[in-house]
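K.L.:
The structure follows.
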Amino acid sequence: MPALIVVGGGLAGALITLAMARWRPELRVELIEAGERIGGEHVWSFFASDVDEAHRALVEPLIASRWDGYDVTFPGYTRSLSTAYASVTSASLDAAIRDALPASALHTGVKVRALGTTWVELEDGTRREAGGVIDARGSHGLAHMAGGWQKFMGQTLRLAAPHGLTRPVVMDARVEQLDGYRFVYCLPFSQTQVFVEDTYYSDDPGLDLPVLRERIGAYAKARGWQVEAVDYEETGVLPVIARGDFARFWQGDVARAGVRAALVQPLTSYSLPDAVRFAAHLTTLDNLSGERLGRTSHDWAANHWREGRFYRMLSTMLFGAAPPQERWRMLARFYKLPEPLIERFYAGRSTLADMARVLVGKPPVPIGAAVAALAGRGRVLADLDPRGAGEVA
């Protein structure tokens with residue numbers, strides 16, 4: 001019987017599996033994923049400052065591309081930052097898992113019907129037992145929470161001639177502001193291959209795929225890029241958390257990880273730093289029973305929730321106080337702040353001094369609207385549970 005079954009081969013589940021293989025090799029760990037490939041179709045990017053030195057060995061084998069800095073550009077100014085940047089792809093994550101696990105411990109294309117703290121029931125009725133189970137299947141929504149959505153389509157474009165980028169453009173907000181705060185994100189994977197993502201901080205989770213494809217094509221044309229082929233495409237809709245009721249959100253005894261545990265940076269929807277930290281923490285436990293894992297994951301997520309109140313406040317201001325077409329101004333102002341502050345912000349480790357620095361000075365949203373939003377009287381925030389069951393405080 002395996003010591004641990006991880007259900008869900010996305011980023012969080014894969015990192016837990018890899019962490020156990022690296023730091024607890026004496027344990028048998030199994031990974032169950034509904035798709036045929038670990039990680040599905042996705043690109044995860046992160047800043048070098050997001051990952052502690054002690055954990056870099058876990059992430060290093062997953063990196064598909066890296067750069068020595070990145071750029072952002074807004075109406076009126078462009079800034080180059082020196083923080084190193086890297087990307088993990090589904091292909092690199094899948095390869096790392098297959099290298100780390102014996103074939104008998106990896107189950108892809110297998111759907112789970114139900115699970116408990118020490119068992120998993122597959123769709124075909126097969127029941128698998130383990131010392132403990134972690135549910136890392138992601139989430140289509142977050143019950144009892146409200147906010148907005150970060151949604152996107154990304155395409156890897158193969159170009160007829162070099163694109164001219166030497167480093168990523170993490171935000172290009174010079175594009176027409178539609179459906180909330182819109183920006184384009186570019187990763188130069190080679191001289192003639194560039195990943196272009198059209199991203200929106202929106203009140204609505206809907207994606208119009210034909211329209212997004214047209215907009216990516218128009219962006220490439222405006223930059224003078226001649227597209228020979230689209231080699232890859234992905235889409236995503238991620239929660240941006242402004243407020244919620246954590247006690248009602250967390251129900252049940254089964255251990256959780258990743259978005260299913262709300263382990264994301266509330267404003268950026270950024271999950272890799274928390275996924276790495278939580279995976280590393282689990283390897284230090286001397287007891288991996290289902291009951292202990294359930295308590296541990298709950299306590300970890302509850303602490304993360306408490307520490308995220310500043311970011312949720314900013315999400316509330318972004319979605320509740322800023323007119324959709326003016327939301328870019330909050331990010332434009334943020335990117336004029338000191339680089340170490342920006343690094344800590346993305347890693348979810350802002351200091352009290354950082355928080356004060358973000359809020360001081362001329363506010364990027366009307367003061368009256370900000371006060372109303374924080375008091376719950378601003379624009380109506382989206383329910384992050386698509387079933388409409390999420391009452392929030």
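In the structure tokens, chains take letters A, B, ... by order of appearance, with residues numbered from 1 within each chain and ligands from 1 in the order shown.
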Give the alpha helix (DSSP H) residues of stretch 50-239 of chain A, as assigned by DSSP on the backbone, as a PyMOL selection string.

P.N.:
chain A and resi 56-59+90-100+209-222

K.L.:
Neighbours of A:Ala57 within 12 Å (only C-alpha atoms; same-chain residues fewer than 3 positions away dropped), as a ChimeraX atom specification?

P.N.:
/A:15,18-19,22-23,51-54,60-63,276,280

K.L.:
If we count only C-alpha atoms, what is near A:Ile241 at a cut-off of 7 Å, once residues fewer than 2 positions away on the same chain are taken out, given as a VMD selection string?

P.N.:
chain A and resid 145 to 148 239 243 266 to 267 312 315

K.L.:
Rounded to one decimal place, report the atom CA of A:Ala84-atom CA of A:Phe46 distance in Å.

P.N.:
8.7 Å

K.L.:
Identify, with DSSP run on backbone atoms, the residues in stretch 173-274 of chain A assigned to strand (DSSP E or B), and express the list as a short mmCIF file (atom, residue, chain, number, x, y, z; two decimals) with C-alpha atoms, in the first residue's frame.

P.N.:
```
data_model
loop_
_atom_site.label_atom_id
_atom_site.label_comp_id
_atom_site.auth_asym_id
_atom_site.auth_seq_id
_atom_site.Cartn_x
_atom_site.Cartn_y
_atom_site.Cartn_z
CA TYR A 181 -7.70 45.42 -17.22
CA ARG A 182 -6.15 43.96 -20.36
CA PHE A 183 -2.48 43.34 -21.08
CA VAL A 184 -0.40 41.15 -23.37
CA TYR A 185 2.39 38.92 -22.07
CA CYS A 186 5.29 37.74 -24.28
CA LEU A 187 7.89 35.03 -23.69
CA PRO A 188 10.66 34.74 -26.33
CA PHE A 189 11.36 31.01 -26.38
CA SER A 190 13.70 31.34 -29.36
CA GLN A 193 9.25 31.46 -31.47
CA VAL A 194 7.33 33.64 -29.02
CA PHE A 195 4.57 32.81 -26.56
CA VAL A 196 1.93 35.57 -26.64
CA GLU A 197 -0.81 35.65 -24.01
CA ASP A 198 -3.81 38.00 -24.09
CA THR A 199 -4.84 38.49 -20.42
CA TYR A 200 -7.79 40.19 -18.69
CA TYR A 201 -8.66 41.10 -15.10
CA SER A 202 -12.39 40.76 -15.69
CA VAL A 227 3.18 34.32 -38.16
CA GLU A 228 3.95 31.08 -40.00
CA ALA A 229 2.16 28.78 -37.56
CA VAL A 230 0.61 28.51 -34.10
CA ASP A 231 2.53 25.68 -32.44
CA TYR A 232 0.62 25.64 -29.13
CA GLU A 233 -2.46 27.14 -27.49
CA GLU A 234 -3.73 27.29 -23.94
CA THR A 235 -6.52 29.04 -22.06
CA GLY A 236 -7.15 29.67 -18.40
CA VAL A 237 -9.61 31.28 -15.99
CA LEU A 238 -8.14 31.90 -12.53
CA PRO A 239 -9.84 33.35 -9.44
CA VAL A 240 -8.79 36.76 -8.11
CA ILE A 241 -9.88 36.69 -4.47
CA ALA A 242 -11.22 39.85 -2.84
CA ARG A 243 -13.14 38.47 0.13
CA GLY A 244 -14.57 35.28 1.48
CA ALA A 255 -6.07 17.12 2.65
CA ARG A 256 -5.99 19.69 -0.16
#
```
